[in-house]
Amino acid sequence: MNDDAEQQHPAPTNPGYAAGRLAAAFRTAATHPDPETRRRGAERGRRWRAVLDGMASGLLTIGSRTPVAGLPAWVTPEVTRGGFATGHPRAGGPLLDHEIATARRAGVPANRRSLFAYFLSDDGLAQLHGLLDSSRFEVTVPEEAALLTVAWLVRAGEPAAALDLVEELAPFADRLRFGPRPAGRPAPRPDAVHRSTVGDAREALAARRPSTAVETQREALAVWQPFGDELLLHWLEVTDEQGHIRVPGPADPWHARSTALLARYRDLAERHTRCTKHLRPKENLGILRGALEEAVAARELAPRRLGLLRCAVAAMVRRRGLPGSAEHTALRRRQAAHAALPSHHALAGVVLGRLSGLPQDDGVGDVEPVVAPVSEREADATGVPAGAVVPAAVRRPVEAALSAPVGTLVERGLVPSAEVLAELVPQLVAATTAEAHRDPALRTLAAAHYRAFRNRRSLLLLDLQRQVRVEELPWVRAVAAERNGSGAAEAAAGTLRGLGGLAVRAFPGTILPNPLVRELAVLARQAELGAPFVEELAADIFMGTFTPKFLTAARVAAELLGGGSLYERYYAIDYAAVRNLAVVEAAESAHRSPGSRTSPRFAELCGRRAARFAPDTGRAGSWVAGNGTVIEQAQILTTHNLATLVHRVGIDPGAGWDNLALRCFSTVCRLTGRVHGNPRPLGTVKDAAYAWRQMVFHLSLCPPDQQRRVVKRFAEDCARQPLHIAGRLAPALTGLRQVLEGEEADQGAGRRLLGWSTGGHWFREDPAPGGSPR
């Protein structure tokens, strides 16, 4: 699933938002100069038109877990920006080519209900069994795994479970595609992890075009510089030691050579058109050529032209030496070698040839052979010099397709952010989920299905409704009993520990993005660790309350940080009261209605803290900012998953908590630098405060003497920053030191750094000359 659900409109049931998006899409489709962009705009317009039509007809209920009338929650909906369902199922629409081909081979009508019935026949089941055994199938939407699951159940001796699944699918057999897509090669390995595929790398390299600037320079070095040397030598023949130029008479052989030089110039100018410097009459080459044309035409050189010619000859000799001299020869040799280097475009063509023989839908297991220097055989075939080195710009698309352990990708810099890590994690979770099944064919099917499920886009949901989980899908429920319980839990716990630790170590100053949180939550459920993971909530659709797992996460944080930790003191938290609150609410929840999924006491606590620590300054603030202050307090109380990862999952900090704190502070400094001169800095202020919170958490896990040493390092690092960074951070550092000394963060010159405010934020003000914000 992606993160579209976090980009919500404040009034999701209002069709005005959809109408605005429709108008924008139509403008793009009608006016954009790029044809591909116009096509994408038209497709967006189609989706938004479907949203509006569905809202008007009552087909769609925006904000619901079942937004399309008549379709259950497990059906994958087509979703557009902001989490709006269009009313069309992704597994619906016209028959695809492989469905038409199957119907033709089976001799059945070309419609989905007939195909559904065919796959339940002996011949159809035999075909599905063959796909399971060969792994030569693709699952691009979850529904395409349904009939393969039926076939597996039949073969496993579970006809009752197969029949129950068929009965649940049958009402939608005429609308949805439940059969798999045949593939020319086996499904990808369950443990394959890569950012992009070989096909993606080929597409990126094929899109490269020769650089006009580089090819112009190459032409200048290879063609016009040598020709300029010839012209210079030709004029030096008639130049004396004092620099005076005497044009000989028409009978002199010099004139015949002049005519030949001009003829060759015209031939070169016709064939080499990139570099136009030689056409400029004020350039040295243009002056030499223009004077030669006058001389060949038997016209006497005017004094001004003769003066320009003498200056040009003298300047060329003075700058590079006489042609043929050691200095001049060495220069031209270096320039010729540079011009002979193959272009990036030519080298990309060599790499494209190497990639063409690899599976296009998988990653690259070993990058080095693909980006090795050009071989003799390739040189003979392409004309690119043997031994030519593939440059970094051509290597990058191939390296992005490297298939390796995710830790290796992080170490090599191929995973630059937590958001990119979140894109890769579903592949690992798919492998872990699949390993719980004993049967190899079912493992392959489960892995392919999970990858497809994680491409399901999130819906816009209201009233604390939950996105559909993979275990809710009928075909997943049908084989749930085949999971190896204890082994699956151990594998999930190991993967969770590895991924959680990697995310914190690699990106210590970044909160876990929601797609990554959702994957960790899946692993936590499989591991049965009782580890609550909480998402970052969207301030513009926040309904003022939280689900119970937020209070559970706060209780986990209290277990880890209660008793006077630096984190507890810095954010003025009474974690003993939080633990008591969790006990009271647990008792109260026993008397609530079964459908109640809120934590009113936790919401009340966050509201009180927001009013205390982010008060209204009297300046106009939006209701979204007010929501943000409450959400931030929930993040503070729960540590936004850090305490869960440390206390329940048991992640490894690697080089130490002090190292993570120092790296967080570097992130804070970098983000603070972006506030200066920024007309809309509040998003950056929020990110800087979140990185600061991560820093305080890591620092809190260090012994007291180490905490003091690290804070001293903060001050030293801050002193080396520009004033607009050091000045903004000075009050925050003062507040942190005060807490270490047993005082409050918000007293005297100290300030507690928070990300949200309902009025003017002190962090955005330019620092005064004394070093702190005005």
# chains A, B, ... in the order shown; residues from 1 in each chain; ligands from 1
>>> residues_around(residues="segment 735-741 of chain A", least_positions_apart="3", cutoff="6 Å", atoms="only C-alpha atoms", output="ChimeraX atom specification")
/A:570,732,744-745,750-751
>>> write_last_selection(atoms="N, CA and C atoms", output="PDB file, in the first residue's frame")
ATOM      1  N   TYR A 570      12.627  15.944  29.720  1.00  0.00           N
ATOM      2  CA  TYR A 570      12.670  16.988  28.690  1.00  0.00           C
ATOM      3  C   TYR A 570      11.259  17.343  28.221  1.00  0.00           C
ATOM      4  N   ALA A 732      17.316  25.883  22.046  1.00  0.00           N
ATOM      5  CA  ALA A 732      16.989  24.467  22.212  1.00  0.00           C
ATOM      6  C   ALA A 732      18.109  23.740  22.956  1.00  0.00           C
ATOM      7  N   GLU A 744      13.975  22.883  34.174  1.00  0.00           N
ATOM      8  CA  GLU A 744      12.986  22.755  33.105  1.00  0.00           C
ATOM      9  C   GLU A 744      13.589  23.223  31.788  1.00  0.00           C
ATOM     10  N   ALA A 745      13.107  22.645  30.678  1.00  0.00           N
ATOM     11  CA  ALA A 745      13.597  23.079  29.367  1.00  0.00           C
ATOM     12  C   ALA A 745      13.141  24.491  29.050  1.00  0.00           C
ATOM     13  N   GLY A 750      16.249  29.025  27.784  1.00  0.00           N
ATOM     14  CA  GLY A 750      15.998  27.726  27.163  1.00  0.00           C
ATOM     15  C   GLY A 750      14.615  27.625  26.554  1.00  0.00           C
ATOM     16  N   ARG A 751      14.522  26.827  25.481  1.00  0.00           N
ATOM     17  CA  ARG A 751      13.232  26.570  24.843  1.00  0.00           C
ATOM     18  C   ARG A 751      13.125  25.083  24.519  1.00  0.00           C
TER      19      ARG A 751
END
>>> select_by_dssp(residues="segment 186-411 of chain A", states="helix (DSSP H, G or I)", output="ChimeraX atom specification")
/A:198-206,212-236,253-271,277-279,284-296,303-320,326-340,344-355,376-382,392-399,406-411
>>> residues_around(residues="Leu520 of chain A", least_positions_apart="5", cutoff="10 Å", atoms="only C-alpha atoms", output="list in words")
Ala422, Val425, Pro426, Val429, Ala492, Ala493, Thr495, Leu496, Arg497, Leu499, Gly500, Leu512, Asn514, Pro515, Arg525, Gln526, Ala531, Pro532, Phe533 and Leu645 of chain A
>>> write_last_selection(atoms="N, CA, C and O atoms", output="PDB file, in the first residue's frame")
ATOM      1  N   ALA A 422      11.086   1.898   2.758  1.00  0.00           N
ATOM      2  CA  ALA A 422       9.713   1.410   2.869  1.00  0.00           C
ATOM      3  C   ALA A 422       9.234   0.788   1.566  1.00  0.00           C
ATOM      4  O   ALA A 422       8.400  -0.131   1.577  1.00  0.00           O
ATOM      5  N   VAL A 425      10.718  -2.880   1.648  1.00  0.00           N
ATOM      6  CA  VAL A 425      10.356  -3.771   2.748  1.00  0.00           C
ATOM      7  C   VAL A 425       9.278  -4.784   2.362  1.00  0.00           C
ATOM      8  O   VAL A 425       9.356  -5.944   2.789  1.00  0.00           O
ATOM      9  N   PRO A 426       8.244  -4.427   1.564  1.00  0.00           N
ATOM     10  CA  PRO A 426       7.244  -5.454   1.209  1.00  0.00           C
ATOM     11  C   PRO A 426       7.846  -6.701   0.590  1.00  0.00           C
ATOM     12  O   PRO A 426       7.320  -7.804   0.760  1.00  0.00           O
ATOM     13  N   VAL A 429       9.013  -8.692   3.603  1.00  0.00           N
ATOM     14  CA  VAL A 429       7.878  -9.199   4.362  1.00  0.00           C
ATOM     15  C   VAL A 429       7.175 -10.303   3.570  1.00  0.00           C
ATOM     16  O   VAL A 429       6.698 -11.287   4.150  1.00  0.00           O
ATOM     17  N   ALA A 492       9.234 -14.177  11.639  1.00  0.00           N
ATOM     18  CA  ALA A 492       8.724 -12.801  11.613  1.00  0.00           C
ATOM     19  C   ALA A 492       9.449 -11.935  12.637  1.00  0.00           C
ATOM     20  O   ALA A 492       9.785 -10.774  12.365  1.00  0.00           O
ATOM     21  N   ALA A 493       9.699 -12.489  13.840  1.00  0.00           N
ATOM     22  CA  ALA A 493      10.398 -11.722  14.867  1.00  0.00           C
ATOM     23  C   ALA A 493      11.808 -11.370  14.417  1.00  0.00           C
ATOM     24  O   ALA A 493      12.288 -10.245  14.626  1.00  0.00           O
ATOM     25  N   THR A 495      12.921 -11.072  11.272  1.00  0.00           N
ATOM     26  CA  THR A 495      12.847 -10.061  10.211  1.00  0.00           C
ATOM     27  C   THR A 495      12.486  -8.703  10.785  1.00  0.00           C
ATOM     28  O   THR A 495      13.054  -7.675  10.380  1.00  0.00           O
ATOM     29  N   LEU A 496      11.546  -8.675  11.739  1.00  0.00           N
ATOM     30  CA  LEU A 496      11.145  -7.421  12.369  1.00  0.00           C
ATOM     31  C   LEU A 496      12.330  -6.777  13.085  1.00  0.00           C
ATOM     32  O   LEU A 496      12.561  -5.569  12.973  1.00  0.00           O
ATOM     33  N   ARG A 497      13.086  -7.576  13.804  1.00  0.00           N
ATOM     34  CA  ARG A 497      14.229  -7.044  14.535  1.00  0.00           C
ATOM     35  C   ARG A 497      15.276  -6.482  13.555  1.00  0.00           C
ATOM     36  O   ARG A 497      15.829  -5.408  13.772  1.00  0.00           O
ATOM     37  N   LEU A 499      14.808  -5.466  10.322  1.00  0.00           N
ATOM     38  CA  LEU A 499      14.327  -4.295   9.583  1.00  0.00           C
ATOM     39  C   LEU A 499      14.191  -3.077  10.480  1.00  0.00           C
ATOM     40  O   LEU A 499      14.575  -1.964  10.097  1.00  0.00           O
ATOM     41  N   GLY A 500      13.628  -3.278  11.685  1.00  0.00           N
ATOM     42  CA  GLY A 500      13.485  -2.144  12.596  1.00  0.00           C
ATOM     43  C   GLY A 500      14.827  -1.566  12.975  1.00  0.00           C
ATOM     44  O   GLY A 500      15.015  -0.333  12.982  1.00  0.00           O
ATOM     45  N   LEU A 512       9.663   6.879  11.233  1.00  0.00           N
ATOM     46  CA  LEU A 512       9.330   5.794  10.324  1.00  0.00           C
ATOM     47  C   LEU A 512       8.134   6.204   9.462  1.00  0.00           C
ATOM     48  O   LEU A 512       7.076   6.552   9.987  1.00  0.00           O
ATOM     49  N   ASN A 514       4.793   5.930   7.137  1.00  0.00           N
ATOM     50  CA  ASN A 514       3.630   5.057   7.335  1.00  0.00           C
ATOM     51  C   ASN A 514       3.693   3.732   6.571  1.00  0.00           C
ATOM     52  O   ASN A 514       3.312   2.696   7.116  1.00  0.00           O
ATOM     53  N   PRO A 515       4.145   3.702   5.299  1.00  0.00           N
ATOM     54  CA  PRO A 515       4.227   2.395   4.637  1.00  0.00           C
ATOM     55  C   PRO A 515       5.153   1.429   5.369  1.00  0.00           C
ATOM     56  O   PRO A 515       4.870   0.230   5.433  1.00  0.00           O
ATOM     57  N   ARG A 525       2.436  -8.665  14.212  1.00  0.00           N
ATOM     58  CA  ARG A 525       1.294  -9.554  14.414  1.00  0.00           C
ATOM     59  C   ARG A 525       1.698 -11.011  14.184  1.00  0.00           C
ATOM     60  O   ARG A 525       1.298 -11.908  14.940  1.00  0.00           O
ATOM     61  N   GLN A 526       2.504 -11.246  13.160  1.00  0.00           N
ATOM     62  CA  GLN A 526       2.935 -12.613  12.883  1.00  0.00           C
ATOM     63  C   GLN A 526       3.854 -13.137  13.987  1.00  0.00           C
ATOM     64  O   GLN A 526       3.835 -14.326  14.309  1.00  0.00           O
ATOM     65  N   ALA A 531       3.611  -5.925  20.044  1.00  0.00           N
ATOM     66  CA  ALA A 531       4.349  -4.684  19.778  1.00  0.00           C
ATOM     67  C   ALA A 531       3.451  -3.734  19.000  1.00  0.00           C
ATOM     68  O   ALA A 531       3.207  -3.944  17.807  1.00  0.00           O
ATOM     69  N   PRO A 532       2.941  -2.667  19.646  1.00  0.00           N
ATOM     70  CA  PRO A 532       2.025  -1.747  18.958  1.00  0.00           C
ATOM     71  C   PRO A 532       2.781  -0.733  18.101  1.00  0.00           C
ATOM     72  O   PRO A 532       3.649  -0.005  18.595  1.00  0.00           O
ATOM     73  N   PHE A 533       2.471  -0.688  16.818  1.00  0.00           N
ATOM     74  CA  PHE A 533       3.065   0.299  15.911  1.00  0.00           C
ATOM     75  C   PHE A 533       1.985   1.297  15.514  1.00  0.00           C
ATOM     76  O   PHE A 533       0.862   0.914  15.164  1.00  0.00           O
ATOM     77  N   LEU A 645      10.197  -0.497  19.319  1.00  0.00           N
ATOM     78  CA  LEU A 645      11.292  -1.208  18.668  1.00  0.00           C
ATOM     79  C   LEU A 645      12.370  -1.614  19.663  1.00  0.00           C
ATOM     80  O   LEU A 645      12.940  -2.706  19.564  1.00  0.00           O
TER      81      LEU A 645
END
>>> select_by_dssp(residues="segment 97-200 of chain A", states="strand (DSSP E or B)", output="ChimeraX atom specification")
/A:137-138,181-182
>>> residues_around(residues="segment 83-87 of chain A", least_positions_apart="5", cutoff="6 Å", atoms="only C-alpha atoms", output="VMD selection string")
chain A and resid 4 to 5 47 50 to 51 68 78 458 to 460
>>> write_last_selection(atoms="N, CA, C and O atoms", output="mmCIF file, in the first residue's frame")
data_model
loop_
_atom_site.group_PDB
_atom_site.id
_atom_site.type_symbol
_atom_site.label_atom_id
_atom_site.label_comp_id
_atom_site.auth_asym_id
_atom_site.auth_seq_id
_atom_site.Cartn_x
_atom_site.Cartn_y
_atom_site.Cartn_z
ATOM 1 N N ASP A 4 -0.948 7.414 0.063
ATOM 2 C CA ASP A 4 -1.871 8.448 -0.380
ATOM 3 C C ASP A 4 -2.882 8.841 0.685
ATOM 4 O O ASP A 4 -3.381 9.961 0.684
ATOM 5 N N ALA A 5 -3.191 7.940 1.575
ATOM 6 C CA ALA A 5 -4.204 8.243 2.582
ATOM 7 C C ALA A 5 -3.745 9.318 3.547
ATOM 8 O O ALA A 5 -4.540 9.853 4.294
ATOM 9 N N ARG A 47 -10.374 9.208 -14.155
ATOM 10 C CA ARG A 47 -10.591 8.701 -12.801
ATOM 11 C C ARG A 47 -11.393 9.700 -11.966
ATOM 12 O O ARG A 47 -12.296 9.309 -11.218
ATOM 13 N N ALA A 50 -14.993 9.651 -12.857
ATOM 14 C CA ALA A 50 -15.651 8.487 -12.260
ATOM 15 C C ALA A 50 -15.956 8.733 -10.786
ATOM 16 O O ALA A 50 -17.004 8.319 -10.284
ATOM 17 N N VAL A 51 -15.038 9.422 -10.072
ATOM 18 C CA VAL A 51 -15.286 9.741 -8.666
ATOM 19 C C VAL A 51 -16.523 10.623 -8.534
ATOM 20 O O VAL A 51 -17.424 10.369 -7.720
ATOM 21 N N VAL A 68 -17.401 1.233 -2.530
ATOM 22 C CA VAL A 68 -18.172 0.959 -3.747
ATOM 23 C C VAL A 68 -19.355 0.071 -3.392
ATOM 24 O O VAL A 68 -19.185 -1.031 -2.857
ATOM 25 N N GLU A 78 -9.960 0.699 -7.555
ATOM 26 C CA GLU A 78 -9.119 1.684 -8.217
ATOM 27 C C GLU A 78 -9.188 2.955 -7.385
ATOM 28 O O GLU A 78 -10.267 3.440 -7.068
ATOM 29 N N SER A 458 -3.968 2.942 -0.596
ATOM 30 C CA SER A 458 -4.765 3.178 0.602
ATOM 31 C C SER A 458 -6.003 4.008 0.288
ATOM 32 O O SER A 458 -5.961 4.929 -0.519
ATOM 33 N N LEU A 459 -7.079 3.668 0.963
ATOM 34 C CA LEU A 459 -8.318 4.432 0.845
ATOM 35 C C LEU A 459 -8.332 5.575 1.849
ATOM 36 O O LEU A 459 -7.741 5.485 2.932
ATOM 37 N N LEU A 460 -9.047 6.631 1.517
ATOM 38 C CA LEU A 460 -9.361 7.674 2.489
ATOM 39 C C LEU A 460 -10.410 7.096 3.442
ATOM 40 O O LEU A 460 -11.488 6.701 3.012
#
>>> closest_residue(among="A:Pro405, A:Val468, A:Glu230, A:Leu516", to="Pro72 of chain A", atoms="only C-alpha atoms")
A:Val468
>>> decode(residues="segment 571-584 of chain A", atoms="N, CA and C atoms", output="PDB file, in the first residue's frame")
ATOM      1  N   TYR A 571      10.441  16.322  27.997  1.00  0.00           N
ATOM      2  CA  TYR A 571       9.089  16.573  27.493  1.00  0.00           C
ATOM      3  C   TYR A 571       8.054  16.665  28.615  1.00  0.00           C
ATOM      4  N   ALA A 572       8.522  16.738  29.860  1.00  0.00           N
ATOM      5  CA  ALA A 572       7.646  16.920  31.030  1.00  0.00           C
ATOM      6  C   ALA A 572       6.497  15.916  31.042  1.00  0.00           C
ATOM      7  N   ILE A 573       6.850  14.639  30.914  1.00  0.00           N
ATOM      8  CA  ILE A 573       5.863  13.551  30.899  1.00  0.00           C
ATOM      9  C   ILE A 573       5.833  12.889  32.268  1.00  0.00           C
ATOM     10  N   ASP A 574       4.642  12.557  32.712  1.00  0.00           N
ATOM     11  CA  ASP A 574       4.497  11.741  33.916  1.00  0.00           C
ATOM     12  C   ASP A 574       4.130  10.335  33.452  1.00  0.00           C
ATOM     13  N   TYR A 575       5.154   9.513  33.206  1.00  0.00           N
ATOM     14  CA  TYR A 575       4.892   8.194  32.649  1.00  0.00           C
ATOM     15  C   TYR A 575       4.200   7.271  33.650  1.00  0.00           C
ATOM     16  N   ALA A 576       4.353   7.550  34.961  1.00  0.00           N
ATOM     17  CA  ALA A 576       3.605   6.756  35.946  1.00  0.00           C
ATOM     18  C   ALA A 576       2.112   6.979  35.763  1.00  0.00           C
ATOM     19  N   ALA A 577       1.733   8.243  35.505  1.00  0.00           N
ATOM     20  CA  ALA A 577       0.326   8.545  35.256  1.00  0.00           C
ATOM     21  C   ALA A 577      -0.152   7.904  33.962  1.00  0.00           C
ATOM     22  N   VAL A 578       0.734   7.828  32.959  1.00  0.00           N
ATOM     23  CA  VAL A 578       0.359   7.187  31.697  1.00  0.00           C
ATOM     24  C   VAL A 578       0.074   5.709  31.926  1.00  0.00           C
ATOM     25  N   ARG A 579       0.907   5.037  32.727  1.00  0.00           N
ATOM     26  CA  ARG A 579       0.664   3.619  33.025  1.00  0.00           C
ATOM     27  C   ARG A 579      -0.674   3.428  33.749  1.00  0.00           C
ATOM     28  N   ASN A 580      -0.943   4.305  34.706  1.00  0.00           N
ATOM     29  CA  ASN A 580      -2.217   4.210  35.421  1.00  0.00           C
ATOM     30  C   ASN A 580      -3.393   4.455  34.478  1.00  0.00           C
ATOM     31  N   LEU A 581      -3.206   5.432  33.568  1.00  0.00           N
ATOM     32  CA  LEU A 581      -4.249   5.737  32.591  1.00  0.00           C
ATOM     33  C   LEU A 581      -4.561   4.515  31.737  1.00  0.00           C
ATOM     34  N   ALA A 582      -3.524   3.781  31.345  1.00  0.00           N
ATOM     35  CA  ALA A 582      -3.724   2.587  30.527  1.00  0.00           C
ATOM     36  C   ALA A 582      -4.506   1.523  31.291  1.00  0.00           C
ATOM     37  N   VAL A 583      -4.226   1.396  32.574  1.00  0.00           N
ATOM     38  CA  VAL A 583      -4.935   0.413  33.395  1.00  0.00           C
ATOM     39  C   VAL A 583      -6.404   0.788  33.525  1.00  0.00           C
ATOM     40  N   VAL A 584      -6.667   2.087  33.797  1.00  0.00           N
ATOM     41  CA  VAL A 584      -8.050   2.552  33.967  1.00  0.00           C
ATOM     42  C   VAL A 584      -8.835   2.379  32.676  1.00  0.00           C
TER      43      VAL A 584
END
